[in-house]
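**Student:** Next up, entry_29.pdb (PDB, C-alpha atoms).
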```pdb
ATOM      1  CA  MET A   1     -51.979  36.194  41.181  1.00  0.00           C
ATOM      2  CA  ASN A   2     -48.678  37.194  39.573  1.00  0.00           C
ATOM      3  CA  ARG A   3     -45.916  34.606  39.124  1.00  0.00           C
ATOM      4  CA  PRO A   4     -42.752  35.224  41.147  1.00  0.00           C
ATOM      5  CA  LEU A   5     -40.064  37.175  39.321  1.00  0.00           C
ATOM      6  CA  THR A   6     -37.629  34.254  39.537  1.00  0.00           C
ATOM      7  CA  ASP A   7     -40.072  31.910  37.790  1.00  0.00           C
ATOM      8  CA  ARG A   8     -40.560  34.321  34.927  1.00  0.00           C
ATOM      9  CA  SER A   9     -36.774  34.796  34.622  1.00  0.00           C
ATOM     10  CA  ASP A  10     -36.227  31.025  34.497  1.00  0.00           C
ATOM     11  CA  ALA A  11     -38.863  30.688  31.795  1.00  0.00           C
ATOM     12  CA  LEU A  12     -37.260  33.410  29.721  1.00  0.00           C
ATOM     13  CA  THR A  13     -33.807  31.795  29.894  1.00  0.00           C
ATOM     14  CA  SER A  14     -34.962  28.204  29.399  1.00  0.00           C
ATOM     15  CA  ALA A  15     -36.776  28.937  26.122  1.00  0.00           C
ATOM     16  CA  PRO A  16     -33.603  30.009  24.235  1.00  0.00           C
ATOM     17  CA  ARG A  17     -31.783  27.004  25.670  1.00  0.00           C
ATOM     18  CA  LYS A  18     -34.436  24.679  24.346  1.00  0.00           C
ATOM     19  CA  ARG A  19     -34.289  26.333  20.934  1.00  0.00           C
ATOM     20  CA  ARG A  20     -30.501  26.006  20.852  1.00  0.00           C
ATOM     21  CA  GLY A  21     -30.819  22.376  21.889  1.00  0.00           C
ATOM     22  CA  ARG A  22     -33.286  21.686  19.076  1.00  0.00           C
ATOM     23  CA  ILE A  23     -31.034  23.448  16.569  1.00  0.00           C
ATOM     24  CA  ILE A  24     -28.004  21.421  17.674  1.00  0.00           C
ATOM     25  CA  VAL A  25     -29.919  18.140  17.544  1.00  0.00           C
ATOM     26  CA  GLY A  26     -31.310  19.050  14.125  1.00  0.00           C
ATOM     27  CA  ALA A  27     -27.866  19.987  12.807  1.00  0.00           C
ATOM     28  CA  LEU A  28     -26.402  16.716  14.078  1.00  0.00           C
ATOM     29  CA  ALA A  29     -29.249  14.769  12.477  1.00  0.00           C
ATOM     30  CA  VAL A  30     -28.700  16.512   9.125  1.00  0.00           C
ATOM     31  CA  ALA A  31     -24.940  15.902   9.341  1.00  0.00           C
ATOM     32  CA  PHE A  32     -25.532  12.218  10.124  1.00  0.00           C
ATOM     33  CA  VAL A  33     -27.913  11.788   7.208  1.00  0.00           C
ATOM     34  CA  ALA A  34     -25.523  13.615   4.857  1.00  0.00           C
ATOM     35  CA  ALA A  35     -22.565  11.515   6.016  1.00  0.00           C
ATOM     36  CA  THR A  36     -24.547   8.310   5.630  1.00  0.00           C
ATOM     37  CA  ALA A  37     -25.773   9.257   2.164  1.00  0.00           C
ATOM     38  CA  GLY A  38     -22.243  10.250   1.172  1.00  0.00           C
ATOM     39  CA  PHE A  39     -20.846   6.966   2.434  1.00  0.00           C
ATOM     40  CA  VAL A  40     -23.439   5.008   0.467  1.00  0.00           C
ATOM     41  CA  GLY A  41     -22.509   6.988  -2.633  1.00  0.00           C
ATOM     42  CA  PHE A  42     -18.824   6.313  -1.967  1.00  0.00           C
ATOM     43  CA  LEU A  43     -19.458   2.568  -1.639  1.00  0.00           C
ATOM     44  CA  ALA A  44     -21.404   2.605  -4.907  1.00  0.00           C
ATOM     45  CA  GLN A  45     -18.206   3.681  -6.663  1.00  0.00           C
ATOM     46  CA  LEU A  46     -16.182   0.723  -5.377  1.00  0.00           C
ATOM     47  CA  ARG A  47     -16.018  -2.103  -7.879  1.00  0.00           C
ATOM     48  CA  GLY A  48     -16.060  -5.650  -6.602  1.00  0.00           C
ATOM     49  CA  THR A  49     -14.566  -7.242  -9.697  1.00  0.00           C
ATOM     50  CA  GLU A  50     -11.842  -6.248 -12.121  1.00  0.00           C
ATOM     51  CA  THR A  51     -12.937  -5.398 -15.647  1.00  0.00           C
ATOM     52  CA  LYS A  52     -10.719  -4.375 -18.529  1.00  0.00           C
ATOM     53  CA  PRO A  53     -10.879  -0.702 -19.559  1.00  0.00           C
ATOM     54  CA  SER A  54     -13.667   0.134 -21.958  1.00  0.00           C
ATOM     55  CA  ARG A  55     -11.206   1.711 -24.395  1.00  0.00           C
ATOM     56  CA  HIS A  56      -7.529   2.242 -25.078  1.00  0.00           C
ATOM     57  CA  ALA A  57      -5.746   5.426 -24.007  1.00  0.00           C
ATOM     58  CA  ASP A  58      -2.590   7.350 -24.817  1.00  0.00           C
ATOM     59  CA  GLY A  59      -0.955   6.458 -21.510  1.00  0.00           C
ATOM     60  CA  ILE A  60      -1.360   4.514 -18.280  1.00  0.00           C
ATOM     61  CA  VAL A  61      -0.564   5.635 -14.732  1.00  0.00           C
ATOM     62  CA  VAL A  62      -0.408   3.369 -11.708  1.00  0.00           C
ATOM     63  CA  LEU A  63      -0.407   4.802  -8.188  1.00  0.00           C
ATOM     64  CA  THR A  64       1.760   2.638  -5.966  1.00  0.00           C
ATOM     65  CA  GLY A  65       0.684   1.479  -2.522  1.00  0.00           C
ATOM     66  CA  GLY A  66      -1.432  -1.635  -3.006  1.00  0.00           C
ATOM     67  CA  ALA A  67      -0.720  -5.240  -3.882  1.00  0.00           C
ATOM     68  CA  SER A  68      -0.666  -6.159  -7.613  1.00  0.00           C
ATOM     69  CA  ARG A  69      -1.268  -2.600  -8.837  1.00  0.00           C
ATOM     70  CA  VAL A  70       2.008  -2.421 -10.768  1.00  0.00           C
ATOM     71  CA  SER A  71       1.723  -5.919 -12.266  1.00  0.00           C
ATOM     72  CA  ASP A  72      -1.840  -5.194 -13.422  1.00  0.00           C
ATOM     73  CA  ALA A  73      -0.720  -1.912 -14.982  1.00  0.00           C
ATOM     74  CA  VAL A  74       2.136  -3.640 -16.822  1.00  0.00           C
ATOM     75  CA  GLU A  75      -0.331  -6.240 -18.120  1.00  0.00           C
ATOM     76  CA  LEU A  76      -2.468  -3.429 -19.526  1.00  0.00           C
ATOM     77  CA  LEU A  77       0.618  -1.939 -21.179  1.00  0.00           C
ATOM     78  CA  ALA A  78       1.490  -5.348 -22.632  1.00  0.00           C
ATOM     79  CA  GLY A  79      -2.070  -5.655 -23.916  1.00  0.00           C
ATOM     80  CA  GLY A  80      -1.744  -2.427 -25.877  1.00  0.00           C
ATOM     81  CA  TYR A  81      -4.128  -0.379 -23.750  1.00  0.00           C
ATOM     82  CA  GLY A  82      -1.623   2.480 -23.632  1.00  0.00           C
ATOM     83  CA  ARG A  83       1.611   3.503 -25.318  1.00  0.00           C
ATOM     84  CA  ARG A  84       3.520   4.277 -22.141  1.00  0.00           C
ATOM     85  CA  LEU A  85       3.239   3.658 -18.391  1.00  0.00           C
ATOM     86  CA  LEU A  86       4.054   5.943 -15.456  1.00  0.00           C
ATOM     87  CA  ILE A  87       4.624   4.275 -12.083  1.00  0.00           C
ATOM     88  CA  SER A  88       3.963   7.117  -9.650  1.00  0.00           C
ATOM     89  CA  GLY A  89       5.146   7.053  -6.050  1.00  0.00           C
ATOM     90  CA  VAL A  90       8.133   4.725  -6.410  1.00  0.00           C
ATOM     91  CA  HIS A  91      10.194   4.648  -3.213  1.00  0.00           C
ATOM     92  CA  PRO A  92      13.454   6.601  -3.694  1.00  0.00           C
ATOM     93  CA  SER A  93      15.520   3.541  -2.804  1.00  0.00           C
ATOM     94  CA  ASN A  94      13.841   1.380  -5.455  1.00  0.00           C
ATOM     95  CA  GLY A  95      15.110   1.297  -9.010  1.00  0.00           C
ATOM     96  CA  ALA A  96      14.030  -0.184 -12.297  1.00  0.00           C
ATOM     97  CA  SER A  97      15.981  -3.334 -11.440  1.00  0.00           C
ATOM     98  CA  ASP A  98      13.762  -3.938  -8.404  1.00  0.00           C
ATOM     99  CA  ILE A  99      10.662  -3.716 -10.569  1.00  0.00           C
ATOM    100  CA  SER A 100      12.271  -5.888 -13.222  1.00  0.00           C
ATOM    101  CA  ARG A 101      12.913  -8.669 -10.728  1.00  0.00           C
ATOM    102  CA  SER A 102       9.261  -8.680  -9.698  1.00  0.00           C
ATOM    103  CA  LEU A 103       8.057  -8.689 -13.333  1.00  0.00           C
ATOM    104  CA  PRO A 104      10.567 -10.850 -15.225  1.00  0.00           C
ATOM    105  CA  ASP A 105       8.160 -11.656 -18.073  1.00  0.00           C
ATOM    106  CA  ASN A 106       7.849  -8.007 -19.091  1.00  0.00           C
ATOM    107  CA  GLN A 107      11.498  -6.964 -19.193  1.00  0.00           C
ATOM    108  CA  SER A 108      11.323  -5.551 -22.725  1.00  0.00           C
ATOM    109  CA  LEU A 109       8.379  -3.317 -21.819  1.00  0.00           C
ATOM    110  CA  LEU A 110      10.110  -2.059 -18.694  1.00  0.00           C
ATOM    111  CA  ASN A 111      13.155  -1.164 -20.765  1.00  0.00           C
ATOM    112  CA  CYS A 112      11.289   0.748 -23.442  1.00  0.00           C
ATOM    113  CA  CYS A 113       7.995   2.089 -22.200  1.00  0.00           C
ATOM    114  CA  VAL A 114       7.963   2.669 -18.423  1.00  0.00           C
ATOM    115  CA  ASP A 115       8.722   5.876 -16.526  1.00  0.00           C
ATOM    116  CA  LEU A 116       9.299   6.063 -12.773  1.00  0.00           C
ATOM    117  CA  ASP A 117       8.178   8.929 -10.558  1.00  0.00           C
ATOM    118  CA  ARG A 118       9.938   9.009  -7.184  1.00  0.00           C
ATOM    119  CA  SER A 119       8.687  12.428  -6.050  1.00  0.00           C
ATOM    120  CA  ALA A 120       5.047  11.693  -5.207  1.00  0.00           C
ATOM    121  CA  VAL A 121       4.339  10.899  -1.556  1.00  0.00           C
ATOM    122  CA  ASN A 122       0.528  11.025  -1.519  1.00  0.00           C
ATOM    123  CA  THR A 123      -2.432  11.037  -3.865  1.00  0.00           C
ATOM    124  CA  ARG A 124      -2.329  14.774  -4.427  1.00  0.00           C
ATOM    125  CA  SER A 125       1.339  14.749  -5.405  1.00  0.00           C
ATOM    126  CA  ASN A 126       0.631  11.665  -7.563  1.00  0.00           C
ATOM    127  CA  ALA A 127      -1.766  13.900  -9.482  1.00  0.00           C
ATOM    128  CA  ALA A 128       0.760  16.751  -9.761  1.00  0.00           C
ATOM    129  CA  GLU A 129       3.516  14.476 -11.071  1.00  0.00           C
ATOM    130  CA  THR A 130       1.140  12.697 -13.429  1.00  0.00           C
ATOM    131  CA  ARG A 131       0.053  16.047 -14.854  1.00  0.00           C
ATOM    132  CA  ARG A 132       3.680  16.926 -15.624  1.00  0.00           C
ATOM    133  CA  TRP A 133       4.239  13.578 -17.301  1.00  0.00           C
ATOM    134  CA  VAL A 134       1.026  13.694 -19.349  1.00  0.00           C
ATOM    135  CA  HIS A 135       1.659  17.203 -20.619  1.00  0.00           C
ATOM    136  CA  GLU A 136       5.285  16.379 -21.380  1.00  0.00           C
ATOM    137  CA  LYS A 137       4.198  13.410 -23.498  1.00  0.00           C
ATOM    138  CA  GLY A 138       1.314  15.287 -25.110  1.00  0.00           C
ATOM    139  CA  PHE A 139      -1.245  12.682 -24.005  1.00  0.00           C
ATOM    140  CA  LYS A 140      -4.965  13.398 -24.029  1.00  0.00           C
ATOM    141  CA  SER A 141      -6.293  10.246 -22.366  1.00  0.00           C
ATOM    142  CA  LEU A 142      -5.091   8.171 -19.450  1.00  0.00           C
ATOM    143  CA  ILE A 143      -5.944   4.837 -17.848  1.00  0.00           C
ATOM    144  CA  VAL A 144      -5.723   5.148 -14.046  1.00  0.00           C
ATOM    145  CA  VAL A 145      -4.715   2.030 -12.116  1.00  0.00           C
ATOM    146  CA  THR A 146      -5.135   1.870  -8.343  1.00  0.00           C
ATOM    147  CA  SER A 147      -7.029  -0.140  -5.723  1.00  0.00           C
ATOM    148  CA  ASN A 148     -10.823  -0.053  -5.860  1.00  0.00           C
ATOM    149  CA  TYR A 149     -11.156   1.655  -2.462  1.00  0.00           C
ATOM    150  CA  HIS A 150      -8.632   4.323  -3.515  1.00  0.00           C
ATOM    151  CA  MET A 151     -10.056   4.997  -6.969  1.00  0.00           C
ATOM    152  CA  PRO A 152     -12.716   7.606  -6.026  1.00  0.00           C
ATOM    153  CA  ARG A 153     -10.162   9.854  -4.319  1.00  0.00           C
ATOM    154  CA  ALA A 154      -7.600   9.288  -7.069  1.00  0.00           C
ATOM    155  CA  ILE A 155     -10.103  10.394  -9.714  1.00  0.00           C
ATOM    156  CA  VAL A 156     -11.001  13.492  -7.683  1.00  0.00           C
ATOM    157  CA  GLU A 157      -7.345  14.533  -7.444  1.00  0.00           C
ATOM    158  CA  LEU A 158      -6.396  13.628 -11.018  1.00  0.00           C
ATOM    159  CA  SER A 159      -9.422  15.239 -12.632  1.00  0.00           C
ATOM    160  CA  HIS A 160      -8.784  18.422 -10.629  1.00  0.00           C
ATOM    161  CA  ALA A 161      -5.122  18.467 -11.680  1.00  0.00           C
ATOM    162  CA  MET A 162      -5.883  17.578 -15.328  1.00  0.00           C
ATOM    163  CA  PRO A 163      -9.388  18.716 -16.290  1.00  0.00           C
ATOM    164  CA  ASP A 164      -8.397  18.525 -19.962  1.00  0.00           C
ATOM    165  CA  ILE A 165      -7.439  14.821 -19.817  1.00  0.00           C
ATOM    166  CA  THR A 166      -9.860  11.921 -20.282  1.00  0.00           C
ATOM    167  CA  LEU A 167      -9.494   9.530 -17.339  1.00  0.00           C
ATOM    168  CA  ILE A 168     -10.386   5.838 -17.643  1.00  0.00           C
ATOM    169  CA  PRO A 169     -10.369   3.982 -14.299  1.00  0.00           C
ATOM    170  CA  PHE A 170      -9.081   0.444 -13.850  1.00  0.00           C
ATOM    171  CA  ALA A 171      -9.778  -0.611 -10.271  1.00  0.00           C
ATOM    172  CA  VAL A 172      -7.598  -3.344  -8.784  1.00  0.00           C
ATOM    173  CA  VAL A 173      -9.554  -5.630  -6.442  1.00  0.00           C
ATOM    174  CA  GLY A 174      -7.517  -7.267  -3.696  1.00  0.00           C
ATOM    175  CA  ASP A 175      -7.871 -10.862  -2.560  1.00  0.00           C
ATOM    176  CA  LYS A 176      -9.376  -9.929   0.815  1.00  0.00           C
ATOM    177  CA  TRP A 177     -12.054  -7.883  -0.922  1.00  0.00           C
ATOM    178  CA  ARG A 178     -12.986 -10.878  -3.068  1.00  0.00           C
ATOM    179  CA  GLU A 179     -12.898 -13.444  -0.285  1.00  0.00           C
ATOM    180  CA  GLU A 180     -15.169 -11.778   2.272  1.00  0.00           C
ATOM    181  CA  PRO A 181     -17.467  -8.745   2.644  1.00  0.00           C
ATOM    182  CA  TRP A 182     -15.503  -5.630   3.554  1.00  0.00           C
ATOM    183  CA  TRP A 183     -17.610  -4.990   6.666  1.00  0.00           C
ATOM    184  CA  SER A 184     -16.855  -8.433   8.133  1.00  0.00           C
ATOM    185  CA  ASN A 185     -13.115  -7.785   8.469  1.00  0.00           C
ATOM    186  CA  GLY A 186     -11.979  -5.196  11.003  1.00  0.00           C
ATOM    187  CA  GLY A 187      -8.911  -4.171   9.039  1.00  0.00           C
ATOM    188  CA  THR A 188     -10.815  -3.745   5.778  1.00  0.00           C
ATOM    189  CA  LEU A 189     -13.610  -1.871   7.534  1.00  0.00           C
ATOM    190  CA  ARG A 190     -11.142   0.592   9.049  1.00  0.00           C
ATOM    191  CA  LEU A 191      -9.463   0.994   5.659  1.00  0.00           C
ATOM    192  CA  VAL A 192     -12.756   1.804   3.919  1.00  0.00           C
ATOM    193  CA  LEU A 193     -13.868   4.259   6.604  1.00  0.00           C
ATOM    194  CA  SER A 194     -10.471   5.969   6.590  1.00  0.00           C
ATOM    195  CA  GLU A 195     -10.523   6.221   2.801  1.00  0.00           C
ATOM    196  CA  TYR A 196     -14.032   7.692   2.874  1.00  0.00           C
ATOM    197  CA  VAL A 197     -12.881  10.440   5.258  1.00  0.00           C
ATOM    198  CA  LYS A 198      -9.914  11.211   2.979  1.00  0.00           C
ATOM    199  CA  TYR A 199     -12.205  11.185  -0.056  1.00  0.00           C
ATOM    200  CA  VAL A 200     -14.582  13.707   1.552  1.00  0.00           C
ATOM    201  CA  ALA A 201     -11.642  15.918   2.540  1.00  0.00           C
ATOM    202  CA  ALA A 202     -10.337  15.823  -1.036  1.00  0.00           C
ATOM    203  CA  GLU A 203     -13.777  16.650  -2.448  1.00  0.00           C
ATOM    204  CA  VAL A 204     -14.173  19.620  -0.091  1.00  0.00           C
ATOM    205  CA  ARG A 205     -10.686  20.952  -0.824  1.00  0.00           C
ATOM    206  CA  VAL A 206     -11.142  20.602  -4.585  1.00  0.00           C
ATOM    207  CA  ARG A 207     -14.536  22.312  -4.545  1.00  0.00           C
ATOM    208  CA  LEU A 208     -13.125  25.189  -2.503  1.00  0.00           C
ATOM    209  CA  ALA A 209     -10.181  25.441  -4.887  1.00  0.00           C
ATOM    210  CA  ASP A 210     -12.596  25.622  -7.829  1.00  0.00           C
ATOM    211  CA  ILE A 211     -14.058  28.816  -6.385  1.00  0.00           C
ATOM    212  CA  GLY A 212     -10.636  30.283  -5.612  1.00  0.00           C
ATOM    213  CA  LEU A 213     -10.250  29.186  -1.999  1.00  0.00           C
ATOM    214  CA  ASP A 214      -7.281  26.850  -2.273  1.00  0.00           C
ATOM    215  CA  MET A 215      -5.579  27.390   1.085  1.00  0.00           C
ATOM    216  CA  THR A 216      -3.292  24.340   0.935  1.00  0.00           C
ATOM    217  CA  ARG A 217      -1.199  24.663  -2.201  1.00  0.00           C
ATOM    218  CA  GLU A 218       0.855  21.557  -2.803  1.00  0.00           C
ATOM    219  CA  ALA A 219       4.612  21.956  -2.545  1.00  0.00           C
ATOM    220  CA  ASN A 220       4.873  20.365  -5.991  1.00  0.00           C
ATOM    221  CA  GLU A 221       2.873  23.286  -7.377  1.00  0.00           C
ATOM    222  CA  SER A 222       5.497  25.917  -6.594  1.00  0.00           C
ATOM    223  CA  PRO A 223       6.557  28.322  -9.362  1.00  0.00           C
ATOM    224  CA  PRO A 224       8.218  26.455 -12.251  1.00  0.00           C
ATOM    225  CA  ARG A 225      11.964  26.128 -12.294  1.00  0.00           C
ATOM    226  CA  ALA A 226      14.152  26.863 -15.301  1.00  0.00           C
ATOM    227  CA  ALA A 227      14.470  23.167 -16.206  1.00  0.00           C
ATOM    228  CA  PRO A 228      11.519  21.042 -15.014  1.00  0.00           C
ATOM    229  CA  ARG A 229      12.397  17.608 -13.648  1.00  0.00           C
ATOM    230  CA  GLN A 230      11.594  14.681 -15.918  1.00  0.00           C
ATOM    231  CA  PRO A 231      10.618  11.221 -14.687  1.00  0.00           C
ATOM    232  CA  ALA A 232      13.486   8.749 -14.898  1.00  0.00           C
ATOM    233  CA  THR A 233      12.851   6.065 -17.484  1.00  0.00           C
ATOM    234  CA  ALA A 234      13.367   2.420 -16.685  1.00  0.00           C
ATOM    235  CA  GLN A 235      15.957   2.258 -19.462  1.00  0.00           C
ATOM    236  CA  ALA A 236      18.019   5.066 -17.950  1.00  0.00           C
ATOM    237  CA  ASN A 237      18.197   3.503 -14.483  1.00  0.00           C
TER     238      ASN A 237
END
```
Written as structure tokens, how would this file's structure read?

**Tutor:**
Amino acid sequence: MNRPLTDRSDALTSAPRKRRGRIIVGALAVAFVAATAGFVGFLAQLRGTETKPSRHADGIVVLTGGASRVSDAVELLAGGYGRRLLISGVHPSNGASDISRSLPDNQSLLNCCVDLDRSAVNTRSNAAETRRWVHEKGFKSLIVVTSNYHMPRAIVELSHAMPDITLIPFAVVGDKWREEPWWSNGGTLRLVLSEYVKYVAAEVRVRLADIGLDMTREANESPPRAAPRQPATAQAN
């Protein structure tokens, strides 16, 4: 006895739906596994303790935005780990005198060997301004100072902007990170998850740019002007 036409029609339409459902579930499962594996790899890059750089470098750059980053970078400069320091991302309203007041024991270094970059507003523009500074000074190696959770993304951006420069990370570890596990504090957990998303976005953008698909050219990468801007030195301010 033949099946009714409606039953056969329902069977024909339900099969593709089931296949699509399995494909969607499979794709979501793969994406979840990839995201989890990526997050584990990201966490593996985050240092829990501060260790001095393994070697000296021509220069030092500190990316502003986290507690004690600048003071740690100045300590490295004082210790002879680099010949000159760039503080990238200084607020336009802040001057060398503001930094001097917060670091009174290193006044002579601030006067002679520190440059301020007030143009950078994010990690990508930090990298663009650092590239200008490094090439202007003729440096070939650079110690990078930033918070431990920010270091992976900073290295992605800096290495993309300066593939010819040797980068040596110095990760600053905050007090909260030392005092309790990052996952036990809601604020720290949100910070780490947010930074992971930004790190993945930077990795994707950089990889696309490497194959010629850079669709988001930074404003700082516009055609060069007749007289490129130079970072203001602490002595000149």

**Student:** Which residues, named as in the file, does the PyMOL selection byres ((chain A and resi 60) around 10) pick out? Answer as a PyMOL selection string.

**Tutor:** chain A and resi 56-59+61-62+73-74+76-77+81-87+114+130+134+139+141-145+167-170

**Student:** By how many Å are atom CA of A:Leu213 and atom CA of A:Ala34 apart?

**Tutor:**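 Distance between the two atoms: 22.9 Å.
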
**Student:** So, counting all atoms listed in the file, which residue among A:His160, A:Arg118, A:Lys176, A:Arg132 is closest to A:Gly48?

**Tutor:**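 Result for the nearest residue to A:Gly48: A:Lys176.
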
**Student:** Evaluated on this file, the PyMOL selection byres ((chain A and resi 152) around 8) picks out some residues - which ones are they, written as a list in words?

**Tutor:**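 Evaluating the PyMOL selection byres ((chain A and resi 152) around 8) on these coordinates yields Phe42, Gln45, Leu46, Asn148, Tyr149, His150, Met151, Arg153, Ala154, Ile155, Val156 and Tyr199 of chain A.
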
**Student:** Using Å and a single decimal, report how far atom CA of A:Glu75 sits from atom CA of A:Asn94.

**Tutor:**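 Pair atom CA of A:Asn94 / atom CA of A:Glu75 returns 20.5 Å.
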
**Student:** Rounded to one decimal in Å, what is the spacing between atom CA of A:Leu110 and atom CA of A:His91?

**Tutor:**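 Atom CA of A:His91 lies 16.9 Å from atom CA of A:Leu110.
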
**Student:** Check the smallest atom-to-atom distance from each of A:Arg205, A:Arg17, A:Arg47, A:Lys198 to A:Asn122 using all atoms listed in the file, then report the winner.

**Tutor:**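 Smallest separation from A:Asn122 among the options: A:Lys198.
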
**Student:** Give as a PyMOL selection string each residue that has an atom at most 12 Å from (-10.8, 21.4, -0.7) in the file, counting all atoms listed in the file.

**Tutor:** chain A and resi 124+156-157+160+198-218

**Student:** Measuring between only C-alpha atoms, which one of A:Ser159, A:Ser108, A:Thr188, A:Ser54 shows the shortest distance to A:Arg131?

**Tutor:** A:Ser159

**Student:** So which one's closest to A:Glu50, A:Val25, A:Val70, A:Val173, A:Leu193? Using all atoms listed in the file, please.

**Tutor:**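 For A:Glu50, the nearest of the given residues is A:Val173.
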
**Student:** With the input short on atoms, add N, CA and C atoms back to stretch 110-122 of chain A and write it as a compact mmCIF listing (two decimals), in the frame of the given file.

**Tutor:**
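And here's part.txt as it stands now:
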```
# COMPACT_ATOMS: atom_id res chain seq x y z
N LEU A 110 9.52 -2.91 -19.72
CA LEU A 110 10.11 -2.06 -18.69
C LEU A 110 11.28 -1.26 -19.25
N ASN A 111 12.00 -1.85 -20.18
CA ASN A 111 13.16 -1.16 -20.76
C ASN A 111 12.76 -0.04 -21.72
N CYS A 112 11.63 -0.21 -22.38
CA CYS A 112 11.29 0.75 -23.44
C CYS A 112 10.19 1.74 -23.08
N CYS A 113 9.25 1.33 -22.24
CA CYS A 113 8.00 2.09 -22.20
C CYS A 113 7.51 2.44 -20.80
N VAL A 114 8.38 2.40 -19.80
CA VAL A 114 7.96 2.67 -18.42
C VAL A 114 8.78 3.81 -17.85
N ASP A 115 8.09 4.76 -17.22
CA ASP A 115 8.72 5.88 -16.53
C ASP A 115 8.45 5.75 -15.03
N LEU A 116 9.43 6.14 -14.23
CA LEU A 116 9.30 6.06 -12.77
C LEU A 116 9.24 7.46 -12.17
N ASP A 117 8.28 7.67 -11.31
CA ASP A 117 8.18 8.93 -10.56
C ASP A 117 8.48 8.63 -9.09
N ARG A 118 9.55 9.23 -8.58
CA ARG A 118 9.94 9.01 -7.18
C ARG A 118 9.59 10.20 -6.29
N SER A 119 8.96 11.22 -6.83
CA SER A 119 8.69 12.43 -6.05
C SER A 119 7.38 12.36 -5.27
N ALA A 120 6.38 11.70 -5.82
CA ALA A 120 5.05 11.69 -5.21
C ALA A 120 5.05 10.93 -3.88
N VAL A 121 4.41 11.52 -2.87
CA VAL A 121 4.34 10.90 -1.56
C VAL A 121 2.90 10.68 -1.10
N ASN A 122 1.93 11.22 -1.84
CA ASN A 122 0.53 11.02 -1.52
C ASN A 122 -0.29 11.18 -2.80
```
